[in-house]
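Data block below; observations after.
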Amino acid sequence: MEEILQNCPVQHSLKFIGGKWRMGIIWSLRLSCRRFGELKRDVLGITEKMLIQELRYLESLDIISREVYYEIPPKVEYSLTSRGRTLIPVVEHIVSWGYADMDAGKVVLSD
């Protein structure tokens with residue numbers, strides 16, 4: 001069963017955009033680099049701890065890059081890598097579907 005999941009393109013894709021926060025982070029970074037505080041404001045409801053974990057995970061997958069500027073005060077910026085930018089069309093389609101479904105007045109049950 002594990003081998004089947006490893007060879008499944010859906011499961012592979014969900015490693016990158018699955019979960020509650022990853023698409024929001026990618027969406028926030030789609031136009032330009034962002035600092036940690038900007039990402040925290042953009043991704044509604046995410047805690048600092050969870051944002052740190054997700055940023056590290058996405059960095060380990062080569063979806064985002066982290067640039068540290070050694071100045072006073074220190075500055076860190078996050079941006080999409082070329083691999084990360086390939087996810088933008090996928091996220092755009094999901095966002096479009098979400099708007100269309102909300103416009104249709106569909107009821108969503110709590111998770």
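Every chain in the structure tokens takes a letter, A first, then B, and so on in the order presented; its residues are numbered from 1, and the ligands are numbered from 1 following the presented order.
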
Would you write out, as a tab-separated table, a table of all residues in stretch 56-100 of chain A that have an atom no more than 9 Å from an atom of stretch 24-42 of chain A, listing for each the closest atom pair and the distance in Å to one decimal, considering only C-alpha atoms and ordering rows by chain and rising residue number?
residue	atom	partner	partner_atom	distance
A:Ile63	CA	A:Ile26	CA	8.5
A:Ile64	CA	A:Ile26	CA	8.3
A:Lys75	CA	A:Arg35	CA	7.8
A:Val76	CA	A:Arg35	CA	6.0
A:Glu77	CA	A:Arg35	CA	4.6
A:Tyr78	CA	A:Arg34	CA	5.3
A:Ser79	CA	A:Cys33	CA	4.4
A:Leu80	CA	A:Leu29	CA	6.3
A:Gly84	CA	A:Ile26	CA	7.6
A:Arg85	CA	A:Arg30	CA	7.2
A:Leu87	CA	A:Ile26	CA	8.0
A:Ile88	CA	A:Arg30	CA	6.7
A:Val91	CA	A:Trp27	CA	7.1
A:Glu92	CA	A:Trp27	CA	8.3

Keeping only N, CA, C and O atoms, write the selected residues to a file as a PDB file, in the first residue's frame.
ATOM      1  N   ILE A  63      10.405  24.721  -2.248  1.00  0.00           N
ATOM      2  CA  ILE A  63       9.252  25.496  -2.721  1.00  0.00           C
ATOM      3  C   ILE A  63       9.466  26.968  -2.405  1.00  0.00           C
ATOM      4  O   ILE A  63       9.073  27.835  -3.179  1.00  0.00           O
ATOM      5  N   ILE A  64      10.073  27.241  -1.275  1.00  0.00           N
ATOM      6  CA  ILE A  64      10.392  28.626  -0.913  1.00  0.00           C
ATOM      7  C   ILE A  64      11.867  28.727  -0.582  1.00  0.00           C
ATOM      8  O   ILE A  64      12.521  27.725  -0.271  1.00  0.00           O
ATOM      9  N   LYS A  75      16.982  40.994   9.213  1.00  0.00           N
ATOM     10  CA  LYS A  75      15.827  40.923   8.315  1.00  0.00           C
ATOM     11  C   LYS A  75      15.874  39.580   7.589  1.00  0.00           C
ATOM     12  O   LYS A  75      16.937  39.149   7.143  1.00  0.00           O
ATOM     13  N   VAL A  76      14.711  38.918   7.501  1.00  0.00           N
ATOM     14  CA  VAL A  76      14.589  37.649   6.779  1.00  0.00           C
ATOM     15  C   VAL A  76      13.430  37.791   5.809  1.00  0.00           C
ATOM     16  O   VAL A  76      12.356  38.265   6.175  1.00  0.00           O
ATOM     17  N   GLU A  77      13.668  37.407   4.569  1.00  0.00           N
ATOM     18  CA  GLU A  77      12.608  37.436   3.556  1.00  0.00           C
ATOM     19  C   GLU A  77      12.434  36.045   2.959  1.00  0.00           C
ATOM     20  O   GLU A  77      13.406  35.302   2.793  1.00  0.00           O
ATOM     21  N   TYR A  78      11.185  35.735   2.646  1.00  0.00           N
ATOM     22  CA  TYR A  78      10.836  34.466   2.032  1.00  0.00           C
ATOM     23  C   TYR A  78      10.309  34.743   0.632  1.00  0.00           C
ATOM     24  O   TYR A  78       9.600  35.721   0.414  1.00  0.00           O
ATOM     25  N   SER A  79      10.650  33.861  -0.298  1.00  0.00           N
ATOM     26  CA  SER A  79      10.152  33.991  -1.664  1.00  0.00           C
ATOM     27  C   SER A  79       9.987  32.599  -2.257  1.00  0.00           C
ATOM     28  O   SER A  79      10.529  31.617  -1.741  1.00  0.00           O
ATOM     29  N   LEU A  80       9.234  32.536  -3.345  1.00  0.00           N
ATOM     30  CA  LEU A  80       9.060  31.267  -4.036  1.00  0.00           C
ATOM     31  C   LEU A  80      10.292  30.968  -4.880  1.00  0.00           C
ATOM     32  O   LEU A  80      10.868  31.864  -5.499  1.00  0.00           O
ATOM     33  N   GLY A  84       8.657  26.434  -6.740  1.00  0.00           N
ATOM     34  CA  GLY A  84       7.462  26.938  -6.066  1.00  0.00           C
ATOM     35  C   GLY A  84       6.548  27.717  -7.002  1.00  0.00           C
ATOM     36  O   GLY A  84       5.319  27.619  -6.910  1.00  0.00           O
ATOM     37  N   ARG A  85       7.141  28.477  -7.918  1.00  0.00           N
ATOM     38  CA  ARG A  85       6.322  29.254  -8.861  1.00  0.00           C
ATOM     39  C   ARG A  85       5.504  28.358  -9.788  1.00  0.00           C
ATOM     40  O   ARG A  85       4.460  28.771 -10.287  1.00  0.00           O
ATOM     41  N   LEU A  87       3.737  26.031  -8.875  1.00  0.00           N
ATOM     42  CA  LEU A  87       2.491  25.710  -8.163  1.00  0.00           C
ATOM     43  C   LEU A  87       1.442  26.814  -8.279  1.00  0.00           C
ATOM     44  O   LEU A  87       0.266  26.586  -7.993  1.00  0.00           O
ATOM     45  N   ILE A  88       1.838  28.016  -8.698  1.00  0.00           N
ATOM     46  CA  ILE A  88       0.915  29.147  -8.754  1.00  0.00           C
ATOM     47  C   ILE A  88      -0.315  28.850  -9.621  1.00  0.00           C
ATOM     48  O   ILE A  88      -1.440  29.111  -9.192  1.00  0.00           O
ATOM     49  N   VAL A  91      -2.747  26.711  -7.600  1.00  0.00           N
ATOM     50  CA  VAL A  91      -3.401  27.463  -6.526  1.00  0.00           C
ATOM     51  C   VAL A  91      -4.405  28.456  -7.123  1.00  0.00           C
ATOM     52  O   VAL A  91      -5.492  28.634  -6.572  1.00  0.00           O
ATOM     53  N   GLU A  92      -4.078  29.075  -8.252  1.00  0.00           N
ATOM     54  CA  GLU A  92      -5.015  30.008  -8.907  1.00  0.00           C
ATOM     55  C   GLU A  92      -6.314  29.312  -9.277  1.00  0.00           C
ATOM     56  O   GLU A  92      -7.397  29.866  -9.090  1.00  0.00           O
TER      57      GLU A  92
END

> DSSP on the backbone: what in stretch 4-95 of chain A comes out strand (DSSP E), as a list in words?
Replying inline: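 Strand (DSSP E) members of stretch 4-95 of chain A, listed: Arg34, Arg35, Ile64, Ser65, Arg66, Glu67, Val68, Tyr69, Lys75, Val76, Glu77, Tyr78, Ser79 and Leu80 of chain A.
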
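In this structure, atom CA of A:Leu55 sits 14.9 Å away from atom CA of A:Arg83.
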
> So how many Å separate atom CA of A:Arg56 and atom CA of A:His93, to one decimal?
Replying inline: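 Pair atom CA of A:Arg56 / atom CA of A:His93 returns 25.3 Å.
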
> Restricting the calculation to only C-alpha atoms, which member of A:Ser96, A:Gln6, A:Thr81, A:Gln11 is positioned closest to A:Arg66?
Replying inline: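 Residue with the minimum atom-to-atom distance to A:Arg66: A:Thr81.
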
>> Just list as a PyMOL selection string whatever in stretch 21-108 of chain A DSSP marks as helix (DSSP H, G or I).
In response: chain A and resi 22-28+36-42+48-60+82-85+88-103

>> Quick check, in Å to one decimal: how far apart do atom CA of A:Glu71 and atom CA of A:Ile52 lie?
In response: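 Going from atom CA of A:Glu71 over to atom CA of A:Ile52 covers 21.1 Å.
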